[in-house]
file coords_35.pdb (PDB, C-alpha atoms, pLDDT in the B column)
MODEL        1
ATOM      1  CA  MET A   1       0.000   0.000   0.000  1.00 46.00           C
ATOM      2  CA  MET A   2       2.894   2.358   0.806  1.00 45.00           C
ATOM      3  CA  ARG A   3       4.338   1.777  -2.695  1.00 52.00           C
ATOM      4  CA  PHE A   4       1.004   2.776  -4.279  1.00 47.00           C
ATOM      5  CA  ALA A   5       0.793   5.873  -2.071  1.00 43.00           C
ATOM      6  CA  ARG A   6       4.283   6.946  -3.166  1.00 50.00           C
ATOM      7  CA  ALA A   7       3.409   6.345  -6.827  1.00 51.00           C
ATOM      8  CA  ALA A   8       0.168   8.300  -6.486  1.00 46.00           C
ATOM      9  CA  SER A   9       1.990  11.139  -4.749  1.00 44.00           C
ATOM     10  CA  ALA A  10       4.632  11.231  -7.503  1.00 47.00           C
ATOM     11  CA  ALA A  11       1.878  11.273 -10.136  1.00 48.00           C
ATOM     12  CA  ILE A  12       0.142  14.180  -8.426  1.00 41.00           C
ATOM     13  CA  ASP A  13       3.430  16.098  -8.153  1.00 42.00           C
ATOM     14  CA  ALA A  14       4.132  15.479 -11.841  1.00 44.00           C
ATOM     15  CA  ALA A  15       0.602  16.562 -12.758  1.00 40.00           C
ATOM     16  CA  LEU A  16       1.153  19.847 -10.909  1.00 33.00           C
ATOM     17  CA  VAL A  17       4.389  20.399 -12.835  1.00 36.00           C
ATOM     18  CA  LEU A  18       2.571  19.626 -16.080  1.00 35.00           C
ATOM     19  CA  ALA A  19      -0.048  22.277 -15.419  1.00 33.00           C
ATOM     20  CA  VAL A  20       2.529  25.056 -15.733  1.00 32.00           C
ATOM     21  CA  ALA A  21       4.798  23.550 -18.395  1.00 35.00           C
ATOM     22  CA  PRO A  22       5.476  25.706 -21.482  1.00 35.00           C
ATOM     23  CA  SER A  23       3.390  24.980 -24.579  1.00 41.00           C
ATOM     24  CA  ALA A  24       6.454  23.889 -26.592  1.00 40.00           C
ATOM     25  CA  ARG A  25       6.483  20.789 -24.398  1.00 55.00           C
ATOM     26  CA  ALA A  26       2.935  19.793 -25.355  1.00 56.00           C
ATOM     27  CA  GLN A  27       3.830  16.362 -26.743  1.00 56.00           C
ATOM     28  CA  ARG A  28       5.821  15.408 -23.649  1.00 61.00           C
ATOM     29  CA  ARG A  29       3.015  16.693 -21.390  1.00 64.00           C
ATOM     30  CA  ARG A  30       0.433  14.573 -23.151  1.00 67.00           C
ATOM     31  CA  GLY A  31       2.630  11.503 -23.179  1.00 73.00           C
ATOM     32  CA  LEU A  32       3.635  11.854 -19.535  1.00 79.00           C
ATOM     33  CA  ALA A  33       0.079  12.484 -18.376  1.00 75.00           C
ATOM     34  CA  ASP A  34      -1.133   9.369 -20.195  1.00 75.00           C
ATOM     35  CA  TYR A  35       1.833   7.349 -18.897  1.00 79.00           C
ATOM     36  CA  LEU A  36       1.067   8.321 -15.289  1.00 78.00           C
ATOM     37  CA  ALA A  37      -2.659   7.640 -15.698  1.00 76.00           C
ATOM     38  CA  LEU A  38      -1.969   4.180 -17.099  1.00 77.00           C
ATOM     39  CA  GLN A  39       0.508   3.405 -14.313  1.00 79.00           C
ATOM     40  CA  ILE A  40      -2.236   4.041 -11.776  1.00 75.00           C
ATOM     41  CA  HIS A  41      -5.064   2.469 -13.807  1.00 75.00           C
ATOM     42  CA  PRO A  42      -3.741   0.106 -16.526  1.00 78.00           C
ATOM     43  CA  GLY A  43      -6.025  -0.166 -19.551  1.00 74.00           C
ATOM     44  CA  ALA A  44      -7.858   3.078 -18.796  1.00 72.00           C
ATOM     45  CA  GLY A  45      -9.042   5.259 -21.632  1.00 70.00           C
ATOM     46  CA  VAL A  46      -6.822   8.338 -21.733  1.00 67.00           C
ATOM     47  CA  GLY A  47      -6.941  11.467 -23.842  1.00 66.00           C
ATOM     48  CA  PRO A  48      -9.162  10.907 -26.868  1.00 59.00           C
ATOM     49  CA  ASN A  49      -8.551   7.128 -26.701  1.00 63.00           C
ATOM     50  CA  ALA A  50     -11.552   5.791 -24.815  1.00 62.00           C
ATOM     51  CA  ASP A  51     -10.458   2.198 -25.508  1.00 61.00           C
ATOM     52  CA  GLY A  52      -7.200   2.598 -23.610  1.00 56.00           C
ATOM     53  CA  ASP A  53      -3.821   1.220 -24.678  1.00 52.00           C
ATOM     54  CA  ASP A  54      -4.416  -0.351 -28.071  1.00 55.00           C
ATOM     55  CA  ARG A  55      -1.567  -1.408 -30.340  1.00 55.00           C
ATOM     56  CA  ARG A  56      -2.346   0.838 -33.301  1.00 58.00           C
ATOM     57  CA  MET A  57       0.589   1.960 -35.376  1.00 60.00           C
ATOM     58  CA  THR A  58       0.886   5.680 -35.891  1.00 60.00           C
ATOM     59  CA  ILE A  59       1.198   7.581 -39.116  1.00 77.00           C
ATOM     60  CA  PRO A  60       4.226   9.549 -40.369  1.00 84.00           C
ATOM     61  CA  GLU A  61       2.745  12.983 -39.596  1.00 84.00           C
ATOM     62  CA  VAL A  62       2.538  11.978 -35.956  1.00 85.00           C
ATOM     63  CA  ALA A  63       5.985  10.364 -35.732  1.00 88.00           C
ATOM     64  CA  GLU A  64       7.531  13.605 -37.052  1.00 88.00           C
ATOM     65  CA  CYS A  65       6.284  15.443 -33.939  1.00 85.00           C
ATOM     66  CA  LEU A  66       7.676  13.059 -31.335  1.00 88.00           C
ATOM     67  CA  GLY A  67      10.724  14.163 -29.387  1.00 88.00           C
ATOM     68  CA  THR A  68      10.732  17.702 -30.748  1.00 84.00           C
ATOM     69  CA  THR A  69       9.865  21.102 -29.325  1.00 80.00           C
ATOM     70  CA  LYS A  70       7.573  21.822 -32.267  1.00 78.00           C
ATOM     71  CA  ALA A  71       4.222  23.292 -31.344  1.00 78.00           C
ATOM     72  CA  PRO A  72       1.325  20.846 -31.667  1.00 78.00           C
ATOM     73  CA  PRO A  73       0.197  20.595 -35.294  1.00 82.00           C
ATOM     74  CA  ALA A  74      -2.951  22.434 -36.400  1.00 86.00           C
ATOM     75  CA  TRP A  75      -4.691  19.166 -37.284  1.00 86.00           C
ATOM     76  CA  LEU A  76      -4.589  18.188 -33.604  1.00 82.00           C
ATOM     77  CA  GLY A  77      -7.762  20.193 -33.046  1.00 84.00           C
ATOM     78  CA  SER A  78      -9.584  19.271 -36.243  1.00 88.00           C
ATOM     79  CA  ASP A  79      -8.882  15.617 -37.124  1.00 87.00           C
ATOM     80  CA  ILE A  80      -9.978  13.129 -34.452  1.00 84.00           C
ATOM     81  CA  ASP A  81      -8.124  10.195 -36.017  1.00 82.00           C
ATOM     82  CA  LEU A  82      -4.831  12.101 -36.110  1.00 84.00           C
ATOM     83  CA  ARG A  83      -5.522  13.396 -32.593  1.00 83.00           C
ATOM     84  CA  ARG A  84      -5.977   9.833 -31.296  1.00 81.00           C
ATOM     85  CA  ALA A  85      -2.800   8.706 -33.033  1.00 83.00           C
ATOM     86  CA  TYR A  86      -0.904  11.735 -31.653  1.00 83.00           C
ATOM     87  CA  TYR A  87      -1.944  11.050 -28.061  1.00 82.00           C
ATOM     88  CA  PHE A  88      -1.245   7.338 -28.358  1.00 83.00           C
ATOM     89  CA  ALA A  89       2.166   7.842 -29.994  1.00 86.00           C
ATOM     90  CA  SER A  90       3.096  10.464 -27.387  1.00 86.00           C
ATOM     91  CA  TYR A  91       2.240   8.006 -24.634  1.00 84.00           C
ATOM     92  CA  ARG A  92       4.207   5.166 -26.254  1.00 88.00           C
ATOM     93  CA  PHE A  93       7.250   7.361 -26.831  1.00 91.00           C
ATOM     94  CA  VAL A  94       7.275   8.670 -23.251  1.00 91.00           C
ATOM     95  CA  ARG A  95       6.719   5.156 -21.877  1.00 91.00           C
ATOM     96  CA  ALA A  96       9.669   3.832 -23.901  1.00 94.00           C
ATOM     97  CA  LEU A  97      11.941   6.640 -22.690  1.00 95.00           C
ATOM     98  CA  ILE A  98      10.970   6.141 -19.043  1.00 94.00           C
ATOM     99  CA  GLU A  99      11.355   2.370 -19.298  1.00 95.00           C
ATOM    100  CA  GLN A 100      14.796   2.781 -20.875  1.00 96.00           C
ATOM    101  CA  ALA A 101      16.337   5.259 -18.424  1.00 96.00           C
ATOM    102  CA  GLY A 102      13.856   5.999 -15.626  1.00 96.00           C
ATOM    103  CA  MET A 103      11.720   8.946 -14.583  1.00 93.00           C
ATOM    104  CA  THR A 104      14.612  11.105 -13.354  1.00 95.00           C
ATOM    105  CA  THR A 105      16.303  11.004 -16.755  1.00 96.00           C
ATOM    106  CA  PHE A 106      13.009  11.640 -18.530  1.00 92.00           C
ATOM    107  CA  LEU A 107      12.333  14.690 -16.352  1.00 91.00           C
ATOM    108  CA  ARG A 108      15.747  16.079 -17.331  1.00 93.00           C
ATOM    109  CA  LEU A 109      14.626  15.735 -20.953  1.00 91.00           C
ATOM    110  CA  TYR A 110      11.253  17.260 -20.098  1.00 87.00           C
ATOM    111  CA  ASP A 111      12.948  20.388 -18.741  1.00 87.00           C
ATOM    112  CA  SER A 112      15.306  20.715 -21.688  1.00 87.00           C
ATOM    113  CA  ASP A 113      14.995  23.500 -24.262  1.00 84.00           C
ATOM    114  CA  SER A 114      17.008  21.459 -26.773  1.00 86.00           C
ATOM    115  CA  THR A 115      15.124  18.176 -26.897  1.00 88.00           C
ATOM    116  CA  GLU A 116      16.803  16.546 -29.879  1.00 89.00           C
ATOM    117  CA  ASN A 117      20.323  17.250 -28.561  1.00 92.00           C
ATOM    118  CA  GLU A 118      19.342  16.126 -25.069  1.00 94.00           C
ATOM    119  CA  LEU A 119      17.933  12.840 -26.421  1.00 95.00           C
ATOM    120  CA  VAL A 120      21.390  11.961 -27.723  1.00 96.00           C
ATOM    121  CA  THR A 121      23.046  13.043 -24.469  1.00 96.00           C
ATOM    122  CA  LEU A 122      20.617  11.245 -22.138  1.00 97.00           C
ATOM    123  CA  TYR A 123      19.638   8.199 -24.211  1.00 97.00           C
ATOM    124  CA  GLY A 124      22.617   7.761 -26.556  1.00 97.00           C
ATOM    125  CA  ALA A 125      20.492   7.725 -29.708  1.00 97.00           C
ATOM    126  CA  THR A 126      18.904  10.119 -32.169  1.00 96.00           C
ATOM    127  CA  ARG A 127      15.256  11.101 -31.991  1.00 94.00           C
ATOM    128  CA  GLU A 128      14.509   8.986 -35.069  1.00 94.00           C
ATOM    129  CA  GLU A 129      16.161   5.914 -33.548  1.00 96.00           C
ATOM    130  CA  LEU A 130      14.301   6.327 -30.248  1.00 96.00           C
ATOM    131  CA  VAL A 131      10.974   6.729 -32.071  1.00 93.00           C
ATOM    132  CA  ARG A 132      11.743   3.538 -34.011  1.00 92.00           C
ATOM    133  CA  ARG A 133      12.679   1.666 -30.802  1.00 93.00           C
ATOM    134  CA  ALA A 134       9.366   2.737 -29.279  1.00 91.00           C
ATOM    135  CA  GLY A 135       7.649   0.861 -32.107  1.00 87.00           C
ATOM    136  CA  ILE A 136       6.233   3.932 -33.789  1.00 85.00           C
TER     137      ILE A 136
ENDMDL
END
call {"tool": "encode", "arguments": {"input": "coords_35.pdb", "output": "structure tokens"}}
result
Amino acid sequence: MMRFARAASAAIDAALVLAVAPSARAQRRRGLADYLALQIHPGAGVGPNADGDDRRMTIPEVAECLGTTKAPPAWLGSDIDLRRAYYFASYRFVRALIEQAGMTTFLRLYDSDSTENELVTLYGATREELVRRAGI
């Protein structure tokens, strides 16, 4: 029970940090929020994905956004299928990064202003390679 309480407390702390994160970190915010939600309630529907963690492959337009500081694409608000893929891919990418090097390392990336350079420094691989390793 103590382990769950610590995990819940960490999730709440991270959620508070997410609430004030700059908009350039939108993809990491979405992915981290979904990751934390699914750690607490596996299989839950998160973001626009009411069916939870399915194994859908994403499309190239979505993969291009992962691990960058690009602003969210305009289609995020107008195309529900792309929006679902974006949220799901963001979650999978964040999950892969956390599983590879832990939450502390991921939070260093989260705070970085130079995401693509920091990916190489922290994870030893390019953004494209890490996206591929995440199965996206």
call {"tool": "closest_atom_pairs", "arguments": {"input": "coords_35.pdb", "of": "stretch 90-123 of chain A", "to": "stretch 60-78 of chain A", "cutoff": "7 Å", "atoms": "only C-alpha atoms", "output": "tab-separated table"}}
result
residue	atom	partner	partner_atom	distance
A:Ser90	CA	A:Leu66	CA	6.6
A:Thr115	CA	A:Thr68	CA	5.9
A:Glu116	CA	A:Thr68	CA	6.2
call {"tool": "atom_distance", "arguments": {"input": "coords_35.pdb", "atom1": "atom CA of A:Leu119", "atom2": "atom CA of A:Thr105"}}
result
10.0 Å
call {"tool": "closest_residue", "arguments": {"input": "coords_35.pdb", "among": "A:Ala134, A:Leu82, A:Ala125, A:Val94", "to": "A:Phe106", "atoms": "all atoms listed in the file"}}
result
A:Val94
call {"tool": "atom_distance", "arguments": {"input": "coords_35.pdb", "atom1": "atom CA of A:Gly43", "atom2": "atom CA of A:Tyr86"}}
result
17.7 Å
call {"tool": "residues_around", "arguments": {"input": "coords_35.pdb", "residues": "stretch 96-102 of chain A", "least_positions_apart": "5", "cutoff": "8 Å", "atoms": "all atoms listed in the file", "output": "ChimeraX atom specification"}}
result
/A:123,130,133-134
call {"tool": "atom_distance", "arguments": {"input": "coords_35.pdb", "atom1": "atom CA of A:Gly31", "atom2": "atom CA of A:Ala85"}}
result
11.6 Å
call {"tool": "axis_aligned_box", "arguments": {"input": "coords_35.pdb", "around": "stretch 60-67 of chain A", "padding_each_side": "4 Å", "output": "JSON"}}
result
{"center_x": 6.6, "center_y": 12.5, "center_z": -34.9, "size_x": 16.2, "size_y": 13.9, "size_z": 19.0}
call {"tool": "closest_residue", "arguments": {"input": "coords_35.pdb", "among": "A:Ile80, A:Glu128, A:Phe93, A:Thr104", "to": "A:Leu32", "atoms": "only C-alpha atoms"}}
result
A:Phe93
call {"tool": "closest_residue", "arguments": {"input": "coords_35.pdb", "among": "A:Ile59, A:Gln39, A:Val120, A:Glu129", "to": "A:Arg84", "atoms": "only C-alpha atoms"}}
result
A:Ile59
